[in-house]
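All remarks here apply to the structure that follows.
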Amino acid sequence: MKILTRDKVSSDRKWALNDILNEEEIPSIFETVRKNIPAITAFNKKLNEDNAIDCLTLHSKTLFLIEKLIVYVNMKDDEDKSITKYQELYDQAIQLYVEFSTATSFISPAISSFSLDTLKKLKNNPKYSNYSRYFENIIRKKKHILSAKEEKLLSQVGSFAGDFKDIFSFFDNVDIDLGTINVRGEKVKLTHGSYAVLLRDSDQKVRKKAFDSLYKAYKSMINTIAATYIGNVKATCFYAKTRKYKSSLDMALSGSNIPSIVYDNLIASVKKYTPVMHKYVALRKKALNLSRMHMYDMYTPIVKDIDKLITYDKAYDIVIEGLAPLGQEYKEILLKAKNEGWIDVEETKAKRSGAYSSSIYGTHPYILLNHKGTISDMFTIAHELGHAVHSYKSNNAQCYEKASYTIFVAEIASTVNEVLLIKHLLKEAKGQERIYLLSYYIDMIRTTLFRQTMFAEFERYAHDEIEEGRSLSAEKLTKFYHNLNSAYYGKAVVNDDLIGYEWSRIPHFYNDFYVYQYATGITCAINIANAILKDNSIVEKYNEFLSAGGSLDSLDIIKIMGIDLTNKAPFEVAMKEFRSLQEELDLLIGRE
């Protein structure tokens with residue numbers, strides 16, 4: 001298939017980046033920001049309850065300009081990576097942001113030093129209404145803020161204590177050699193991207209070669225990787241103890257004000273349903289007609305992709321049909337997105353691969369696609385539109401300072417769209433198409449809910465070992481992960497020795513206690529989609545959820561939809577959905 005050059009793409013298939021800014025404005029943005037920085041730093045050591053509003057307002061206005069600049073030049077760079085102009089502009093914009101954030105880093109510590117009574121007074125002052133959430137978070141975290149001298153010392157420690165993530169990133173993306181394998185007479189150099197493709201290959205021998213080559217590379221460096229990861233865990237535990245948190249988990253969850261019971265409920269609920277996962281794994285083995293199934297067989301499709309190309313326009317129409325339960329207003333936003341320059345559709349020469357949604361306050365959201373016409377591409381449209389509509393409604397309902405939603409809720413709206421779309425398609429699907437859609441949905445739950453929960457349990461083990469005064473080693477980490485993998489996947493799959501080293505290649509582990517949010521996200525999405533299909537009047541509450549931005553704590557935003565993750569009921573809904581899908585797939589495969 002011939003790759004188009006950008007000039008051959010019609011304007012209705014390109015995003016309208018000029019809606020963010022005109023390039024003639026860029027020099028003036030740099031000039032304004034550099035003029036505003038000293039005006040903000042003039043407040044240093046002079047902040048009080050009367051002038052803090054002036055400092056915060058100027059900070060917001062300046063940050064908004066920087067964000068506009070960064071988003072614009074980054075997306076221009078993504079249009080064509082061969083044009084160096086925008087990469088250079090992006091680098092300059094990032095440097096400007098670093099300069100700004102460094103110069104203004106005094107603001108939060110200075111305001112945190114205000115008395116508790118003063119902070120509460122400011123939070124309730126109408127003049128500071130845009131910053132009420134900002135003050136709420138400072139009040140909540142005040143007991144964990146140390147003296148100015150101690151904070152300065154921690155800041156100096158932070159200049160190198162965060163290097164573990166960078167060390168692993170350089171190793172994982174630059175230094176490691178994953179090897180070369182023979183694929184049907186052709187030598188293929190393994191990369192992270194090609195490995196994911198090869199795991200879906202129809203030939204088990206190819207999958208094994210890729211698996212063995214990749215994990216032997218990590219095994220050969222396991223002591224170095226373990227020392228890096230253990231150092232990262234120790235640093236996190238040090239910060240948690242120093243800041244007087246009960247644990248590193250509590251410190252990590254405090255950012256979104258999530259109680260640890262949510263983490264505990266997730267792990268306990270998923271572990272309760274691992275027998276259902278074991279049945280699904282056995283079903284995969286049967287569907288693939290394997291005498292012995294290995295961990296490298298867990299990603300190859302049990303049926304081939306449905307062999308039909310779907311044009312972008314047709315796929316978009318199907319997405320609109322699938323999301324009809326979300327109401328007329330939602331449909332109008334979807335049409336606006338398609339017709340008003342929100343989406344960059346076609347794969348073009350030197351364009352960034354993959355897909356994403358990007359949002360900037362004051363302008364409509366943007367979506368990058370590389371549409372090739374597969375069913376997977378249609379789900380990508382639905383997913384990215386979920387992010388876009390979420391941002392659109394939050395930005396329109398909230399002030400700039402309260403519009404951004406947390407990572408904890410970020411994947412919910414996008415996954416709601418995928419679940420609604422797949423349920424729509426399943427209404428009419430039969431035969432192989434139905435098996436394909438069921439397995440697609442099951443694997444979405446398996447990889448996002450079960451696998452990420454397994455990761456979350458591994459993280460808790462690693463941090464608990466350090467906090468309880470025990471030691472960690474490459475051997476202990478690998479053994480625990482191997483046993484964990486066996487418990488989650490069961491006896492129908494060979495728990496290959498090399499899978500114990502999988503922990504060593506997960507970059508998210510260097511963002512402590514991050515991955516569980518993928519699992520809670522899909523849990524909430526399944527609950528919301530099922531509730532809307534059962535009672536369409538709930539759409540009004542869903543619009544309220546989408547419009548909340550960051551105006552409330554994450555759990556309170558989710559509670560708008562009647563979901564309370566501090567009890568196990570929402571997790572039970574998701575787990576029962578998984579079981580129901582597995583049982584139907586079992587029946588269908590038995591008939592084939």
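We label chains A, B, ... in the order they appear in the structure tokens, count residues from 1 in each chain, and number ligands from 1 in the order shown.
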- request: Write out as a PyMOL selection string all residues of region 309-409 of chain A that DSSP puts in strand (DSSP E or B) for this structure's backbone.
  value: chain A and resi 343-346+348+356-358+366-371
Keeping only N, CA and C atoms, take the residues you just selected and write them out as a compact mmCIF listing (two decimals), in the first residue's frame.
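Once everything was written out, this is again-v3.txt:
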# COMPACT_ATOMS: atom_id res chain seq x y z
N ILE A 343 -9.42 16.14 13.55
CA ILE A 343 -8.79 14.83 13.34
C ILE A 343 -7.86 14.82 12.13
N ASP A 344 -6.66 14.27 12.34
CA ASP A 344 -5.71 14.03 11.24
C ASP A 344 -5.76 12.54 10.94
N VAL A 345 -6.30 12.19 9.79
CA VAL A 345 -6.76 10.82 9.54
C VAL A 345 -5.71 9.90 8.92
N GLU A 346 -5.11 10.34 7.82
CA GLU A 346 -4.37 9.42 6.96
C GLU A 346 -2.94 9.16 7.44
N THR A 348 0.67 9.18 6.48
CA THR A 348 1.44 9.88 5.45
C THR A 348 2.93 9.72 5.72
N TYR A 356 -3.36 9.23 19.09
CA TYR A 356 -3.50 9.88 20.39
C TYR A 356 -4.52 11.00 20.29
N SER A 357 -4.95 11.46 21.45
CA SER A 357 -5.78 12.66 21.54
C SER A 357 -5.02 13.69 22.35
N SER A 358 -5.06 14.94 21.90
CA SER A 358 -4.36 16.02 22.60
C SER A 358 -5.34 17.18 22.81
N TYR A 366 -7.72 17.65 19.66
CA TYR A 366 -7.18 17.12 18.41
C TYR A 366 -6.94 15.62 18.54
N ILE A 367 -7.08 14.92 17.40
CA ILE A 367 -6.85 13.47 17.37
C ILE A 367 -5.93 13.14 16.20
N LEU A 368 -4.88 12.40 16.50
CA LEU A 368 -4.01 11.87 15.44
C LEU A 368 -4.36 10.41 15.21
N LEU A 369 -4.60 10.07 13.94
CA LEU A 369 -4.84 8.68 13.53
C LEU A 369 -3.87 8.31 12.42
N ASN A 370 -3.79 7.01 12.15
CA ASN A 370 -3.14 6.50 10.95
C ASN A 370 -4.05 5.40 10.42
N HIS A 371 -5.20 5.83 9.88
CA HIS A 371 -6.28 4.90 9.55
C HIS A 371 -5.93 4.02 8.35
task: Any chance you could list, as a VMD selection string, the residues in region 245-443 of chain A that come up helix (DSSP H, G or I) when DSSP is run on the backbone?
output: chain A and resid 248 to 254 260 to 272 274 to 287 295 to 297 312 to 322 324 to 326 328 to 339 375 to 397 400 to 403 407 to 410 412 to 426 431 to 443
Could you write those residues out with C-alpha atoms, as a compact mmCIF listing (two decimals), in the first residue's frame?
# COMPACT_ATOMS: atom_id res chain seq x y z
CA SER A 248 5.07 4.47 49.78
CA LEU A 249 1.71 3.26 48.43
CA ASP A 250 -0.13 5.89 50.48
CA MET A 251 2.27 8.56 49.22
CA ALA A 252 1.75 7.54 45.58
CA LEU A 253 -2.04 7.46 45.93
CA SER A 254 -2.14 10.79 47.74
CA SER A 260 -5.31 2.39 49.75
CA ILE A 261 -8.52 0.35 50.15
CA VAL A 262 -9.12 0.93 46.42
CA TYR A 263 -5.79 -0.74 45.62
CA ASP A 264 -6.59 -3.59 48.01
CA ASN A 265 -10.10 -4.09 46.58
CA LEU A 266 -8.73 -4.27 43.05
CA ILE A 267 -6.18 -6.97 43.83
CA ALA A 268 -8.53 -9.00 46.02
CA SER A 269 -11.36 -8.91 43.45
CA VAL A 270 -9.19 -9.89 40.51
CA LYS A 271 -7.50 -12.71 42.42
CA LYS A 272 -10.92 -14.07 43.34
CA THR A 274 -8.36 -15.98 38.50
CA PRO A 275 -10.09 -19.40 38.08
CA VAL A 276 -12.14 -17.77 35.29
CA MET A 277 -8.90 -16.56 33.72
CA HIS A 278 -7.54 -20.11 33.95
CA LYS A 279 -10.60 -21.35 32.03
CA TYR A 280 -10.06 -18.72 29.36
CA VAL A 281 -6.40 -19.68 29.02
CA ALA A 282 -7.46 -23.31 28.57
CA LEU A 283 -9.99 -22.14 25.97
CA ARG A 284 -7.25 -20.30 24.06
CA LYS A 285 -5.18 -23.47 24.04
CA LYS A 286 -8.11 -25.40 22.58
CA ALA A 287 -8.95 -22.71 20.00
CA MET A 295 3.29 -17.62 27.52
CA TYR A 296 4.40 -16.53 24.05
CA ASP A 297 1.09 -17.90 22.70
CA TYR A 312 -12.79 5.98 7.48
CA ASP A 313 -16.22 7.43 6.73
CA LYS A 314 -17.94 4.07 7.18
CA ALA A 315 -15.99 3.36 10.39
CA TYR A 316 -16.96 6.79 11.75
CA ASP A 317 -20.62 6.16 10.95
CA ILE A 318 -20.49 2.83 12.79
CA VAL A 319 -18.85 4.53 15.79
CA ILE A 320 -21.64 7.12 15.85
CA GLU A 321 -24.21 4.31 15.74
CA GLY A 322 -22.44 2.45 18.54
CA ALA A 324 -25.93 6.50 20.14
CA PRO A 325 -26.85 5.58 23.76
CA LEU A 326 -24.78 8.60 24.86
CA GLN A 328 -27.91 13.61 20.77
CA GLU A 329 -25.52 16.16 22.29
CA TYR A 330 -22.71 13.58 22.26
CA LYS A 331 -23.50 12.76 18.62
CA GLU A 332 -23.32 16.44 17.67
CA ILE A 333 -19.87 16.71 19.25
CA LEU A 334 -18.75 13.63 17.27
CA LEU A 335 -19.94 15.25 14.04
CA LYS A 336 -18.25 18.51 15.02
CA ALA A 337 -15.00 16.59 15.55
CA LYS A 338 -15.20 15.02 12.09
CA ASN A 339 -16.20 18.15 10.22
CA ILE A 375 -11.62 -3.24 12.75
CA SER A 376 -8.91 -2.30 15.26
CA ASP A 377 -8.68 1.13 13.59
CA MET A 378 -12.41 1.59 14.11
CA PHE A 379 -12.00 0.92 17.84
CA THR A 380 -9.13 3.42 17.86
CA ILE A 381 -11.47 6.09 16.48
CA ALA A 382 -13.97 5.36 19.26
CA HIS A 383 -11.24 5.35 21.93
CA GLU A 384 -9.63 8.65 20.92
CA LEU A 385 -13.01 10.33 20.51
CA GLY A 386 -13.73 9.35 24.12
CA HIS A 387 -10.66 11.29 25.25
CA ALA A 388 -11.52 14.21 22.97
CA VAL A 389 -15.13 14.60 24.12
CA HIS A 390 -14.03 14.27 27.77
CA SER A 391 -11.54 17.12 27.30
CA TYR A 392 -13.99 19.18 25.24
CA LYS A 393 -16.70 19.03 27.90
CA SER A 394 -14.31 19.57 30.81
CA ASN A 395 -12.67 22.54 29.12
CA ASN A 396 -16.03 24.12 28.34
CA ALA A 397 -17.43 23.58 31.84
CA TYR A 400 -8.42 26.68 33.16
CA GLU A 401 -7.17 25.87 36.66
CA LYS A 402 -9.82 23.13 37.17
CA ALA A 403 -10.23 21.72 33.66
CA ILE A 407 -4.72 10.10 35.20
CA PHE A 408 -7.01 8.11 37.50
CA VAL A 409 -10.08 9.07 35.43
CA ALA A 410 -8.34 9.69 32.09
CA ILE A 412 -12.54 5.86 31.60
CA ALA A 413 -14.35 7.85 28.89
CA SER A 414 -12.24 6.35 26.10
CA THR A 415 -12.88 2.81 27.32
CA VAL A 416 -16.61 3.46 27.77
CA ASN A 417 -16.69 4.20 24.04
CA GLU A 418 -14.91 0.95 23.18
CA VAL A 419 -17.23 -1.10 25.38
CA LEU A 420 -20.35 0.53 23.90
CA LEU A 421 -19.05 0.00 20.37
CA ILE A 422 -18.23 -3.66 20.90
CA LYS A 423 -21.62 -4.31 22.51
CA HIS A 424 -23.25 -2.59 19.52
CA LEU A 425 -21.36 -4.77 17.04
CA LEU A 426 -22.14 -7.93 19.00
CA GLY A 431 -20.03 -17.05 13.52
CA GLN A 432 -16.36 -16.16 13.21
CA GLU A 433 -17.09 -12.44 13.45
CA ARG A 434 -18.78 -12.95 16.82
CA ILE A 435 -15.90 -15.10 18.06
CA TYR A 436 -13.45 -12.40 16.92
CA LEU A 437 -15.35 -9.63 18.76
CA LEU A 438 -15.78 -11.67 21.94
CA SER A 439 -12.09 -12.58 22.01
CA TYR A 440 -11.19 -8.92 21.30
CA TYR A 441 -13.24 -7.79 24.31
CA ILE A 442 -11.96 -10.60 26.55
CA ASP A 443 -8.35 -9.81 25.68
query: For the atom pair CA of Thr62 (chain A) and CA of Pro38 (chain A), what is the interatomic distance in Å to one decimal place?
result: 11.6 Å
- request: Identify, on the basis of only C-alpha atoms, every residue whose closest approach to Arg460 (chain A) does not exceed 12 Å; exclude the query and any residue fewer than 2 positions from it along the same chain; express the result as a ChimeraX atom specification.
  value: /A:233,237,247-250,252,260,263-264,267,453-458,462-468,477,480-481,509,512-516
Residue selection dump (C-alpha atoms) as an mmCIF file, in the first residue's frame:
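Result written to result-v1.cif:
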data_model
loop_
_atom_site.group_PDB
_atom_site.id
_atom_site.type_symbol
_atom_site.label_atom_id
_atom_site.label_comp_id
_atom_site.auth_asym_id
_atom_site.auth_seq_id
_atom_site.Cartn_x
_atom_site.Cartn_y
_atom_site.Cartn_z
ATOM 1 C CA VAL A 233 12.075 1.429 45.225
ATOM 2 C CA CYS A 237 10.370 4.400 50.409
ATOM 3 C CA SER A 247 3.736 3.791 53.260
ATOM 4 C CA SER A 248 5.068 4.472 49.775
ATOM 5 C CA LEU A 249 1.712 3.256 48.427
ATOM 6 C CA ASP A 250 -0.130 5.889 50.476
ATOM 7 C CA ALA A 252 1.749 7.539 45.578
ATOM 8 C CA SER A 260 -5.310 2.393 49.753
ATOM 9 C CA TYR A 263 -5.788 -0.744 45.618
ATOM 10 C CA ASP A 264 -6.594 -3.591 48.011
ATOM 11 C CA ILE A 267 -6.181 -6.968 43.828
ATOM 12 C CA THR A 453 -3.449 -5.882 38.503
ATOM 13 C CA MET A 454 -0.747 -8.547 38.483
ATOM 14 C CA PHE A 455 1.771 -5.740 37.939
ATOM 15 C CA ALA A 456 0.189 -3.812 40.822
ATOM 16 C CA GLU A 457 0.577 -6.814 43.127
ATOM 17 C CA PHE A 458 4.230 -7.150 42.129
ATOM 18 C CA ALA A 462 8.679 -4.963 46.130
ATOM 19 C CA HIS A 463 7.908 -1.886 48.224
ATOM 20 C CA ASP A 464 6.634 -3.905 51.188
ATOM 21 C CA GLU A 465 9.889 -5.864 51.310
ATOM 22 C CA ILE A 466 11.944 -2.696 51.692
ATOM 23 C CA GLU A 467 9.528 -0.976 54.097
ATOM 24 C CA GLU A 468 9.391 -4.039 56.326
ATOM 25 C CA LEU A 477 12.059 -10.439 42.310
ATOM 26 C CA PHE A 480 8.056 -13.801 43.023
ATOM 27 C CA TYR A 481 7.051 -12.630 39.535
ATOM 28 C CA PHE A 509 7.461 0.259 37.373
ATOM 29 C CA ASP A 512 5.576 3.814 41.400
ATOM 30 C CA PHE A 513 2.023 2.471 41.744
ATOM 31 C CA TYR A 514 0.901 3.879 38.387
ATOM 32 C CA VAL A 515 -0.339 0.813 36.498
ATOM 33 C CA TYR A 516 -3.277 0.015 38.793
#
message: With distances taken over only C-alpha atoms, which residue among A:Ile20, A:Ile302, A:Ala574, A:Ile258 lies nearest Leu69 (chain A)?
response: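 Smallest distance to Leu69 (chain A) is found for A:Ile20.
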message: With distances taken over only C-alpha atoms, which residue among A:Trp342, A:Leu472, A:Thr5, A:Ser169 lies nearest Ser82 (chain A)?
response: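 Checking each of A:Trp342, A:Leu472, A:Thr5, A:Ser169 against Ser82 (chain A), counting only C-alpha atoms, the winner is A:Thr5.
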- prompt: CA of Asn483 (chain A) and CA of Arg505 (chain A), how far apart in Å?
  reply: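 Atom-to-atom, CA of Arg505 (chain A) and CA of Asn483 (chain A) are spaced 17.2 Å apart.
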Using only C-alpha atoms, what table do you get, as a tab-separated table, when you list each residue of region 69-180 of chain A with an atom no more than 10 Å from region 548-556 of chain A, its nearest pair of atoms, and their distance in Å rounded to one decimal, rows by chain then rising number?
residue	atom	partner	partner_atom	distance
A:Asn130	CA	A:Ser551	CA	9.5
A:Tyr131	CA	A:Ser551	CA	9.9
A:Ser132	CA	A:Ser551	CA	8.8
A:Arg133	CA	A:Ser551	CA	6.6
A:Tyr134	CA	A:Ser551	CA	9.8
A:Glu136	CA	A:Asp553	CA	9.9
A:Asn137	CA	A:Asp553	CA	9.6
Now that the selection is made, can you save its residues with N, CA and C atoms as a PDB file, in the first residue's frame?
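Generated output (part.pdb):
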ATOM      1  N   ASN A 130     -11.030  30.235  41.465  1.00  0.00           N
ATOM      2  CA  ASN A 130     -10.392  29.379  40.458  1.00  0.00           C
ATOM      3  C   ASN A 130      -9.342  28.461  41.081  1.00  0.00           C
ATOM      4  N   TYR A 131      -8.876  28.834  42.267  1.00  0.00           N
ATOM      5  CA  TYR A 131      -7.774  28.102  42.898  1.00  0.00           C
ATOM      6  C   TYR A 131      -8.213  27.327  44.141  1.00  0.00           C
ATOM      7  N   SER A 132      -9.526  27.153  44.310  1.00  0.00           N
ATOM      8  CA  SER A 132     -10.014  26.463  45.504  1.00  0.00           C
ATOM      9  C   SER A 132      -9.486  25.031  45.581  1.00  0.00           C
ATOM     10  N   ARG A 133      -9.408  24.344  44.441  1.00  0.00           N
ATOM     11  CA  ARG A 133      -8.873  22.980  44.430  1.00  0.00           C
ATOM     12  C   ARG A 133      -7.378  22.982  44.758  1.00  0.00           C
ATOM     13  N   TYR A 134      -6.687  23.986  44.270  1.00  0.00           N
ATOM     14  CA  TYR A 134      -5.261  24.140  44.547  1.00  0.00           C
ATOM     15  C   TYR A 134      -5.034  24.254  46.055  1.00  0.00           C
ATOM     16  N   GLU A 136      -7.170  23.296  48.431  1.00  0.00           N
ATOM     17  CA  GLU A 136      -7.599  22.037  49.059  1.00  0.00           C
ATOM     18  C   GLU A 136      -6.452  21.029  49.081  1.00  0.00           C
ATOM     19  N   ASN A 137      -5.745  20.928  47.950  1.00  0.00           N
ATOM     20  CA  ASN A 137      -4.637  19.969  47.870  1.00  0.00           C
ATOM     21  C   ASN A 137      -3.482  20.366  48.781  1.00  0.00           C
TER      22      ASN A 137
END
